[in-house]
>>> print(open('start_33.tsv').read())   # TSV, C-alpha atoms and all ligand atoms
chain	number	residue	atom	x	y	z
A	11	MET	CA	11.01	9.08	-1.76
A	12	HIS	CA	10.27	7.45	1.53
A	13	PRO	CA	13.56	6.58	3.24
A	14	GLN	CA	14.22	2.85	3.33
A	15	PRO	CA	13.97	1.57	6.87
A	16	THR	CA	17.27	0.36	8.26
A	17	ASP	CA	15.86	-2.31	10.48
A	18	ILE	CA	12.36	-3.71	10.54
A	19	SER	CA	12.65	-4.88	14.14
A	20	ASP	CA	13.54	-1.34	15.23
A	21	GLU	CA	10.60	0.00	13.27
A	22	LEU	CA	8.21	-2.40	14.96
A	23	ARG	CA	9.57	-1.62	18.42
A	24	GLY	CA	9.48	2.09	17.66
A	25	CYS	CA	5.76	1.75	17.05
A	26	GLY	CA	5.22	-0.20	20.24
A	27	LEU	CA	4.69	-3.51	18.45
A	28	ARG	CA	6.26	-6.77	19.52
A	29	VAL	CA	8.75	-8.16	16.99
A	30	THR	CA	7.38	-11.44	15.65
A	31	ALA	CA	8.48	-13.57	12.72
A	32	PRO	CA	5.20	-13.05	10.80
A	33	ARG	CA	5.36	-9.26	11.25
A	34	ARG	CA	8.97	-9.14	10.11
A	35	ALA	CA	8.27	-11.39	7.13
A	36	VAL	CA	5.22	-9.45	5.94
A	37	LEU	CA	6.95	-6.07	6.22
A	38	GLU	CA	10.07	-7.38	4.51
A	39	TRP	CA	8.13	-8.96	1.67
A	40	LEU	CA	6.07	-5.82	1.13
A	41	LEU	CA	9.21	-3.74	0.68
A	42	ASP	CA	9.95	-5.68	-2.51
A	43	HIS	CA	6.31	-5.99	-3.61
A	44	PRO	CA	4.45	-2.69	-3.19
A	45	HIS	CA	0.67	-2.56	-3.77
A	46	ALA	CA	0.19	-6.26	-3.10
A	47	THR	CA	-3.12	-7.91	-2.23
A	48	VAL	CA	-3.50	-10.34	0.66
A	49	ASP	CA	-3.77	-13.12	-1.94
A	50	GLN	CA	-0.28	-12.17	-3.17
A	51	ILE	CA	1.24	-11.49	0.24
A	52	HIS	CA	0.10	-14.81	1.69
A	53	PRO	CA	2.00	-17.20	-0.65
A	54	GLY	CA	4.99	-14.83	-0.74
A	55	VAL	CA	5.34	-14.79	3.02
A	56	ARG	CA	4.53	-18.49	3.35
A	57	ASN	CA	7.50	-19.23	1.10
A	58	ARG	CA	9.76	-17.45	3.56
A	59	LEU	CA	8.25	-18.67	6.80
A	60	GLY	CA	7.23	-22.21	5.91
A	61	THR	CA	3.72	-21.96	7.26
A	62	ILE	CA	1.38	-19.08	8.03
A	63	SER	CA	-2.39	-18.74	7.77
A	64	LYS	CA	-4.14	-16.09	5.74
A	65	GLN	CA	-5.78	-14.90	8.93
A	66	ALA	CA	-2.33	-14.32	10.43
A	67	ILE	CA	-1.51	-12.10	7.43
A	68	TYR	CA	-4.67	-10.08	8.04
A	69	ASP	CA	-3.75	-9.75	11.71
A	70	VAL	CA	-0.25	-8.50	10.90
A	71	LEU	CA	-1.58	-6.01	8.37
A	72	SER	CA	-4.22	-4.58	10.66
A	73	ALA	CA	-1.71	-4.11	13.49
A	74	CYS	CA	0.73	-2.41	11.12
A	75	LEU	CA	-1.98	-0.24	9.55
A	76	GLU	CA	-2.91	1.08	12.95
A	77	VAL	CA	0.59	2.40	13.60
A	78	ASP	CA	1.13	3.56	10.02
A	79	LEU	CA	3.86	1.04	9.13
A	80	VAL	CA	1.67	-0.03	6.23
A	81	ARG	CA	-0.70	1.87	4.02
A	82	GLN	CA	-3.85	0.41	2.50
A	83	ILE	CA	-5.36	1.47	-0.80
A	84	LYS	CA	-8.71	0.29	-2.04
A	85	PRO	CA	-9.35	1.28	-5.62
A	86	ALA	CA	-13.07	0.86	-6.40
A	87	GLY	CA	-13.76	-2.60	-7.81
A	88	HIS	CA	-10.36	-3.98	-6.78
A	89	ALA	CA	-9.09	-5.91	-3.78
A	90	ALA	CA	-7.33	-3.85	-1.11
A	91	ARG	CA	-3.60	-3.36	-1.74
A	92	PHE	CA	-0.90	-2.83	0.84
A	93	GLU	CA	2.40	-0.98	0.69
A	94	ARG	CA	5.23	0.19	2.93
A	95	ARG	CA	5.41	3.70	1.52
A	96	THR	CA	3.50	5.74	4.11
A	97	GLY	CA	3.30	9.27	5.35
A	98	ASP	CA	4.20	11.09	2.12
A	99	ASN	CA	0.64	11.56	0.80
A	100	HIS	CA	1.55	10.04	-2.55
A	101	HIS	CA	-1.21	9.14	-4.99
A	102	HIS	CA	-1.90	6.24	-7.30
A	103	LEU	CA	-2.41	5.56	-10.97
A	104	VAL	CA	-4.71	2.59	-11.50
A	105	CYS	CA	-5.16	0.77	-14.80
A	106	ARG	CA	-8.78	0.03	-15.71
A	107	GLY	CA	-7.59	-2.80	-17.90
A	108	CYS	CA	-5.34	-4.99	-15.75
A	109	GLY	CA	-5.53	-3.34	-12.33
A	110	GLU	CA	-1.83	-2.41	-12.27
A	111	ILE	CA	-1.02	0.31	-9.74
A	112	ALA	CA	1.79	2.84	-9.86
A	113	ASP	CA	2.84	5.54	-7.42
A	114	THR	CA	2.84	9.18	-8.31
A	115	ASP	CA	4.20	11.82	-5.99
A	116	CYS	CA	1.94	14.38	-4.41
A	117	HIS	CA	2.53	17.90	-5.77
A	118	SER	CA	2.76	19.40	-2.30
A	119	GLY	CA	3.63	16.27	-0.28
A	120	VAL	CA	1.22	17.40	2.40
A	121	ALA	CA	-2.41	16.38	2.85
A	122	PRO	CA	-4.85	17.64	1.76
A	123	CYS	CA	-3.15	18.76	-1.44
A	124	VAL	CA	-6.44	19.78	-3.01
A	125	ASN	CA	-9.34	21.42	-1.29
A	126	PRO	CA	-13.04	21.05	-1.95
A	127	VAL	CA	-14.76	23.96	-3.66
A	128	ILE	CA	-17.41	23.86	-0.93
A	129	HIS	CA	-16.27	22.48	2.40
A	130	ASN	CA	-19.55	22.78	4.30
A	131	GLY	CA	-17.78	23.42	7.59
A	132	PHE	CA	-15.74	20.20	7.36
A	133	ALA	CA	-12.18	20.33	8.66
A	134	VAL	CA	-10.62	18.48	5.70
A	135	ASP	CA	-7.39	16.65	6.47
A	136	GLU	CA	-6.98	14.38	3.46
A	137	ALA	CA	-7.95	14.06	-0.18
A	138	GLU	CA	-7.74	10.56	-1.59
A	139	ILE	CA	-6.80	10.84	-5.23
A	140	VAL	CA	-6.82	7.96	-7.69
A	141	PHE	CA	-5.90	8.57	-11.31
A	142	TRP	CA	-7.74	6.07	-13.53
A	143	GLY	CA	-6.67	5.15	-17.03
A	144	LEU	CA	-4.87	2.50	-19.05
A	145	CYS	CA	-1.28	1.43	-18.43
A	146	GLN	CA	1.16	1.34	-21.35
A	147	HIS	CA	0.67	-2.37	-21.87
A	148	CYS	CA	-3.13	-2.11	-21.97
A	149	GLN	CA	-3.01	0.91	-24.30
A	150	GLN	CA	-1.11	-1.20	-26.80
A	151	GLU	CA	-3.57	-4.08	-26.53
A	152	HIS	CA	-6.31	-1.55	-27.11
A	153	LEU	CA	-4.77	-0.47	-30.42
A	154	THR	CA	-4.13	-3.88	-31.91
B	201	ZN	ZN	-3.13	-2.35	-17.68
B	202	ZN	ZN	1.79	3.56	-3.44
>>> encode(input="start_33.tsv", output="structure tokens", more="lines below")
Ligand SMILES: [Zn+2]
Ligand SMILES: [Zn+2]
Amino acid sequence: MHPQPTDISDELRGCGLRVTAPRRAVLEWLLDHPHATVDQIHPGVRNRLGTISKQAIYDVLSACLEVDLVRQIKPAGHAARFERRTGDNHHHLVCRGCGEIADTDCHSGVAPCVNPVIHNGFAVDEAEIVFWGLCQHCQQEHLT
């Protein structure tokens, strides 16, 4: 597992980012709500801060993505999701029914954990793996 950060302000400073209330609030909220969309992050963070625009959320996320404090996943057909678990090359299970996302560890922990059969001279540094299927809940709905 990714070690839990001790202090978000230290993390921000360590990445050369200024510590601001919106940045702290977004990163804090995401710790408790992995794989959240901007539409989920916005009301969650607004509850903590009082007022913040959706654009401000986008700004925080793009700054944090750049320095790898946040990871973005974009399963085809779904809104982008954001999470704090970065740098461990973990993969995702995505439910075709309800869009639920779960983490699954990478076998090797190092990218790229699978290699293309033909690499065509590419220097491959990452393989983005999404496992598609139905979550437990949706499997049950499927049966009844
Ligand atoms: Zn589901
Ligand atoms: Zn994840």
>>> closest_residue(input="start_33.tsv", among="A:Arg34, A:Arg95, A:Arg28, A:His152", to="ligand ZN 202 (chain B)", atoms="all atoms listed in the file")
A:Arg95
>>> closest_atom_pairs(input="start_33.tsv", of="chain A", to="ligand ZN 202 (chain B)", cutoff="9 Å", atoms="all atoms listed in the file", output="Markdown table")
| residue | atom | partner | partner_atom | distance |
| --- | --- | --- | --- | --- |
| A:Pro44 | CA | B:ZN202 | ZN | 6.8 |
| A:His45 | CA | B:ZN202 | ZN | 6.2 |
| A:Arg81 | CA | B:ZN202 | ZN | 8.0 |
| A:Gln82 | CA | B:ZN202 | ZN | 8.8 |
| A:Ile83 | CA | B:ZN202 | ZN | 7.9 |
| A:Arg91 | CA | B:ZN202 | ZN | 8.9 |
| A:Phe92 | CA | B:ZN202 | ZN | 8.1 |
| A:Glu93 | CA | B:ZN202 | ZN | 6.2 |
| A:Arg94 | CA | B:ZN202 | ZN | 8.0 |
| A:Arg95 | CA | B:ZN202 | ZN | 6.1 |
| A:Thr96 | CA | B:ZN202 | ZN | 8.0 |
| A:His100 | CA | B:ZN202 | ZN | 6.5 |
| A:His101 | CA | B:ZN202 | ZN | 6.5 |
| A:His102 | CA | B:ZN202 | ZN | 6.0 |
| A:Leu103 | CA | B:ZN202 | ZN | 8.9 |
| A:Ile111 | CA | B:ZN202 | ZN | 7.6 |
| A:Ala112 | CA | B:ZN202 | ZN | 6.5 |
| A:Asp113 | CA | B:ZN202 | ZN | 4.6 |
| A:Thr114 | CA | B:ZN202 | ZN | 7.5 |
| A:Asp115 | CA | B:ZN202 | ZN | 9.0 |
>>> write_last_selection(input="start_33.tsv", atoms="C-alpha atoms", output="JSON list (two decimals), keeping the file's coordinate frame")
[["chain", "number", "residue", "atom", "x", "y", "z"],
["A", 44, "PRO", "CA", 4.45, -2.69, -3.19],
["A", 45, "HIS", "CA", 0.67, -2.56, -3.77],
["A", 81, "ARG", "CA", -0.70, 1.87, 4.02],
["A", 82, "GLN", "CA", -3.85, 0.41, 2.50],
["A", 83, "ILE", "CA", -5.36, 1.47, -0.80],
["A", 91, "ARG", "CA", -3.60, -3.36, -1.74],
["A", 92, "PHE", "CA", -0.90, -2.83, 0.84],
["A", 93, "GLU", "CA", 2.40, -0.98, 0.69],
["A", 94, "ARG", "CA", 5.23, 0.19, 2.93],
["A", 95, "ARG", "CA", 5.41, 3.70, 1.52],
["A", 96, "THR", "CA", 3.50, 5.74, 4.11],
["A", 100, "HIS", "CA", 1.55, 10.04, -2.55],
["A", 101, "HIS", "CA", -1.21, 9.14, -4.99],
["A", 102, "HIS", "CA", -1.90, 6.24, -7.30],
["A", 103, "LEU", "CA", -2.41, 5.56, -10.97],
["A", 111, "ILE", "CA", -1.02, 0.31, -9.74],
["A", 112, "ALA", "CA", 1.79, 2.84, -9.86],
["A", 113, "ASP", "CA", 2.84, 5.54, -7.42],
["A", 114, "THR", "CA", 2.84, 9.18, -8.31],
["A", 115, "ASP", "CA", 4.20, 11.82, -5.99]]
>>> closest_atom_pairs(input="start_33.tsv", of="chain A", to="ligand ZN 201 (chain B)", cutoff="8 Å", atoms="all atoms listed in the file", output="JSON lines")
{"residue": "A:Cys105", "atom": "CA", "partner": "B:ZN201", "partner_atom": "ZN", "distance": 4.7}
{"residue": "A:Arg106", "atom": "CA", "partner": "B:ZN201", "partner_atom": "ZN", "distance": 6.4}
{"residue": "A:Gly107", "atom": "CA", "partner": "B:ZN201", "partner_atom": "ZN", "distance": 4.5}
{"residue": "A:Cys108", "atom": "CA", "partner": "B:ZN201", "partner_atom": "ZN", "distance": 3.9}
{"residue": "A:Gly109", "atom": "CA", "partner": "B:ZN201", "partner_atom": "ZN", "distance": 5.9}
{"residue": "A:Glu110", "atom": "CA", "partner": "B:ZN201", "partner_atom": "ZN", "distance": 5.6}
{"residue": "A:Leu144", "atom": "CA", "partner": "B:ZN201", "partner_atom": "ZN", "distance": 5.3}
{"residue": "A:Cys145", "atom": "CA", "partner": "B:ZN201", "partner_atom": "ZN", "distance": 4.3}
{"residue": "A:Gln146", "atom": "CA", "partner": "B:ZN201", "partner_atom": "ZN", "distance": 6.7}
{"residue": "A:His147", "atom": "CA", "partner": "B:ZN201", "partner_atom": "ZN", "distance": 5.7}
{"residue": "A:Cys148", "atom": "CA", "partner": "B:ZN201", "partner_atom": "ZN", "distance": 4.3}
{"residue": "A:Gln149", "atom": "CA", "partner": "B:ZN201", "partner_atom": "ZN", "distance": 7.4}
>>> atom_distance(input="start_33.tsv", atom1="atom CA of Phe132 of chain A", atom2="atom CA of Val120 of chain A")
17.9 Å
>>> atom_distance(input="start_33.tsv", atom1="atom CA of Gln50 of chain A", atom2="atom CA of Val77 of chain A")
22.2 Å
>>> residues_around(input="start_33.tsv", residues="Ala73 of chain A", least_positions_apart="4", cutoff="12 Å", atoms="all atoms listed in the file", output="list in words")
Leu22, Cys25, Gly26, Leu27, Arg28, Val29, Thr30, Pro32, Arg33, Val36, Leu37, Ala66, Ile67, Tyr68, Asp69, Val77, Asp78, Leu79, Val80 and Arg81 of chain A
>>> atom_distance(input="start_33.tsv", atom1="atom CA of Ile18 of chain A", atom2="atom CA of Lys84 of chain A")
24.9 Å
>>> closest_residue(input="start_33.tsv", among="A:Gly54, A:Gly24, A:Gly131, A:Gly119", to="Asp98 of chain A", atoms="only C-alpha atoms")
A:Gly119
>>> build_atoms(input="start_33.tsv", residues="segment 143-154 of chain A", atoms="all heavy atoms", output="PDB file, keeping the file's coordinate frame")
ATOM      1  N   GLY A 143      -6.983   5.112 -15.604  1.00  0.00           N
ATOM      2  CA  GLY A 143      -6.670   5.150 -17.030  1.00  0.00           C
ATOM      3  C   GLY A 143      -6.212   3.782 -17.485  1.00  0.00           C
ATOM      4  O   GLY A 143      -6.569   2.768 -16.878  1.00  0.00           O
ATOM      5  N   LEU A 144      -5.416   3.756 -18.546  1.00  0.00           N
ATOM      6  CA  LEU A 144      -4.870   2.500 -19.050  1.00  0.00           C
ATOM      7  C   LEU A 144      -3.356   2.561 -18.979  1.00  0.00           C
ATOM      8  O   LEU A 144      -2.746   3.550 -19.382  1.00  0.00           O
ATOM      9  CB  LEU A 144      -5.288   2.268 -20.509  1.00  0.00           C
ATOM     10  CG  LEU A 144      -6.751   1.872 -20.761  1.00  0.00           C
ATOM     11  CD1 LEU A 144      -7.026   1.781 -22.247  1.00  0.00           C
ATOM     12  CD2 LEU A 144      -7.103   0.552 -20.071  1.00  0.00           C
ATOM     13  N   CYS A 145      -2.735   1.491 -18.470  1.00  0.00           N
ATOM     14  CA  CYS A 145      -1.280   1.430 -18.430  1.00  0.00           C
ATOM     15  C   CYS A 145      -0.748   1.268 -19.861  1.00  0.00           C
ATOM     16  O   CYS A 145      -1.513   1.008 -20.785  1.00  0.00           O
ATOM     17  CB  CYS A 145      -0.829   0.259 -17.558  1.00  0.00           C
ATOM     18  SG  CYS A 145      -1.105  -1.360 -18.288  1.00  0.00           S
ATOM     19  N   GLN A 146       0.560   1.417 -20.010  1.00  0.00           N
ATOM     20  CA  GLN A 146       1.160   1.340 -21.350  1.00  0.00           C
ATOM     21  C   GLN A 146       0.806   0.038 -22.046  1.00  0.00           C
ATOM     22  O   GLN A 146       0.444   0.018 -23.228  1.00  0.00           O
ATOM     23  CB  GLN A 146       2.675   1.465 -21.233  1.00  0.00           C
ATOM     24  CG  GLN A 146       3.116   2.894 -21.368  1.00  0.00           C
ATOM     25  CD  GLN A 146       4.630   2.994 -21.441  1.00  0.00           C
ATOM     26  OE1 GLN A 146       5.338   2.028 -21.161  1.00  0.00           O
ATOM     27  NE2 GLN A 146       5.120   4.151 -21.821  1.00  0.00           N
ATOM     28  N   HIS A 147       0.933  -1.045 -21.306  1.00  0.00           N
ATOM     29  CA  HIS A 147       0.670  -2.370 -21.870  1.00  0.00           C
ATOM     30  C   HIS A 147      -0.768  -2.451 -22.393  1.00  0.00           C
ATOM     31  O   HIS A 147      -1.016  -2.885 -23.519  1.00  0.00           O
ATOM     32  CB  HIS A 147       0.910  -3.419 -20.785  1.00  0.00           C
ATOM     33  CG  HIS A 147       0.630  -4.808 -21.241  1.00  0.00           C
ATOM     34  ND1 HIS A 147       1.537  -5.528 -21.986  1.00  0.00           N
ATOM     35  CD2 HIS A 147      -0.456  -5.608 -21.090  1.00  0.00           C
ATOM     36  CE1 HIS A 147       1.016  -6.710 -22.256  1.00  0.00           C
ATOM     37  NE2 HIS A 147      -0.187  -6.784 -21.722  1.00  0.00           N
ATOM     38  N   CYS A 148      -1.725  -2.005 -21.591  1.00  0.00           N
ATOM     39  CA  CYS A 148      -3.130  -2.110 -21.970  1.00  0.00           C
ATOM     40  C   CYS A 148      -3.471  -1.136 -23.096  1.00  0.00           C
ATOM     41  O   CYS A 148      -4.356  -1.419 -23.908  1.00  0.00           O
ATOM     42  CB  CYS A 148      -4.031  -1.891 -20.766  1.00  0.00           C
ATOM     43  SG  CYS A 148      -3.954  -3.262 -19.584  1.00  0.00           S
ATOM     44  N   GLN A 149      -2.781   0.005 -23.174  1.00  0.00           N
ATOM     45  CA  GLN A 149      -3.010   0.910 -24.300  1.00  0.00           C
ATOM     46  C   GLN A 149      -2.651   0.232 -25.606  1.00  0.00           C
ATOM     47  O   GLN A 149      -3.337   0.378 -26.617  1.00  0.00           O
ATOM     48  CB  GLN A 149      -2.142   2.170 -24.174  1.00  0.00           C
ATOM     49  CG  GLN A 149      -2.586   3.127 -23.112  1.00  0.00           C
ATOM     50  CD  GLN A 149      -1.564   4.245 -22.955  1.00  0.00           C
ATOM     51  OE1 GLN A 149      -1.250   4.940 -23.921  1.00  0.00           O
ATOM     52  NE2 GLN A 149      -1.035   4.398 -21.762  1.00  0.00           N
ATOM     53  N   GLN A 150      -1.551  -0.528 -25.579  1.00  0.00           N
ATOM     54  CA  GLN A 150      -1.110  -1.200 -26.800  1.00  0.00           C
ATOM     55  C   GLN A 150      -2.106  -2.290 -27.210  1.00  0.00           C
ATOM     56  O   GLN A 150      -2.445  -2.415 -28.384  1.00  0.00           O
ATOM     57  CB  GLN A 150       0.281  -1.800 -26.596  1.00  0.00           C
ATOM     58  CG  GLN A 150       1.365  -0.840 -27.073  1.00  0.00           C
ATOM     59  CD  GLN A 150       2.681  -1.042 -26.331  1.00  0.00           C
ATOM     60  OE1 GLN A 150       2.917  -2.132 -25.813  1.00  0.00           O
ATOM     61  NE2 GLN A 150       3.499  -0.017 -26.278  1.00  0.00           N
ATOM     62  N   GLU A 151      -2.587  -3.035 -26.224  1.00  0.00           N
ATOM     63  CA  GLU A 151      -3.570  -4.080 -26.530  1.00  0.00           C
ATOM     64  C   GLU A 151      -4.817  -3.469 -27.138  1.00  0.00           C
ATOM     65  O   GLU A 151      -5.471  -4.046 -27.984  1.00  0.00           O
ATOM     66  CB  GLU A 151      -3.948  -4.798 -25.234  1.00  0.00           C
ATOM     67  CG  GLU A 151      -2.806  -5.555 -24.649  1.00  0.00           C
ATOM     68  CD  GLU A 151      -3.193  -6.975 -24.255  1.00  0.00           C
ATOM     69  OE1 GLU A 151      -4.298  -7.137 -23.695  1.00  0.00           O
ATOM     70  OE2 GLU A 151      -2.419  -7.882 -24.523  1.00  0.00           O
ATOM     71  N   HIS A 152      -5.136  -2.272 -26.660  1.00  0.00           N
ATOM     72  CA  HIS A 152      -6.310  -1.550 -27.110  1.00  0.00           C
ATOM     73  C   HIS A 152      -6.207  -1.201 -28.591  1.00  0.00           C
ATOM     74  O   HIS A 152      -7.200  -1.137 -29.296  1.00  0.00           O
ATOM     75  CB  HIS A 152      -6.398  -0.257 -26.283  1.00  0.00           C
ATOM     76  CG  HIS A 152      -7.805   0.118 -25.937  1.00  0.00           C
ATOM     77  ND1 HIS A 152      -8.570  -0.620 -25.087  1.00  0.00           N
ATOM     78  CD2 HIS A 152      -8.575   1.153 -26.341  1.00  0.00           C
ATOM     79  CE1 HIS A 152      -9.758  -0.061 -24.974  1.00  0.00           C
ATOM     80  NE2 HIS A 152      -9.791   1.020 -25.728  1.00  0.00           N
ATOM     81  N   LEU A 153      -4.992  -0.922 -29.032  1.00  0.00           N
ATOM     82  CA  LEU A 153      -4.770  -0.470 -30.420  1.00  0.00           C
ATOM     83  C   LEU A 153      -4.789  -1.629 -31.401  1.00  0.00           C
ATOM     84  O   LEU A 153      -5.224  -1.463 -32.534  1.00  0.00           O
ATOM     85  CB  LEU A 153      -3.422   0.259 -30.532  1.00  0.00           C
ATOM     86  CG  LEU A 153      -3.319   1.597 -29.793  1.00  0.00           C
ATOM     87  CD1 LEU A 153      -1.921   2.142 -29.870  1.00  0.00           C
ATOM     88  CD2 LEU A 153      -4.318   2.600 -30.363  1.00  0.00           C
ATOM     89  N   THR A 154      -4.277  -2.777 -30.949  1.00  0.00           N
ATOM     90  CA  THR A 154      -4.130  -3.880 -31.910  1.00  0.00           C
ATOM     91  C   THR A 154      -5.408  -4.711 -31.999  1.00  0.00           C
ATOM     92  O   THR A 154      -6.253  -4.630 -31.142  1.00  0.00           O
ATOM     93  CB  THR A 154      -2.964  -4.805 -31.501  1.00  0.00           C
ATOM     94  OG1 THR A 154      -3.123  -5.154 -30.127  1.00  0.00           O
ATOM     95  CG2 THR A 154      -1.642  -4.117 -31.697  1.00  0.00           C
TER      96      THR A 154
END
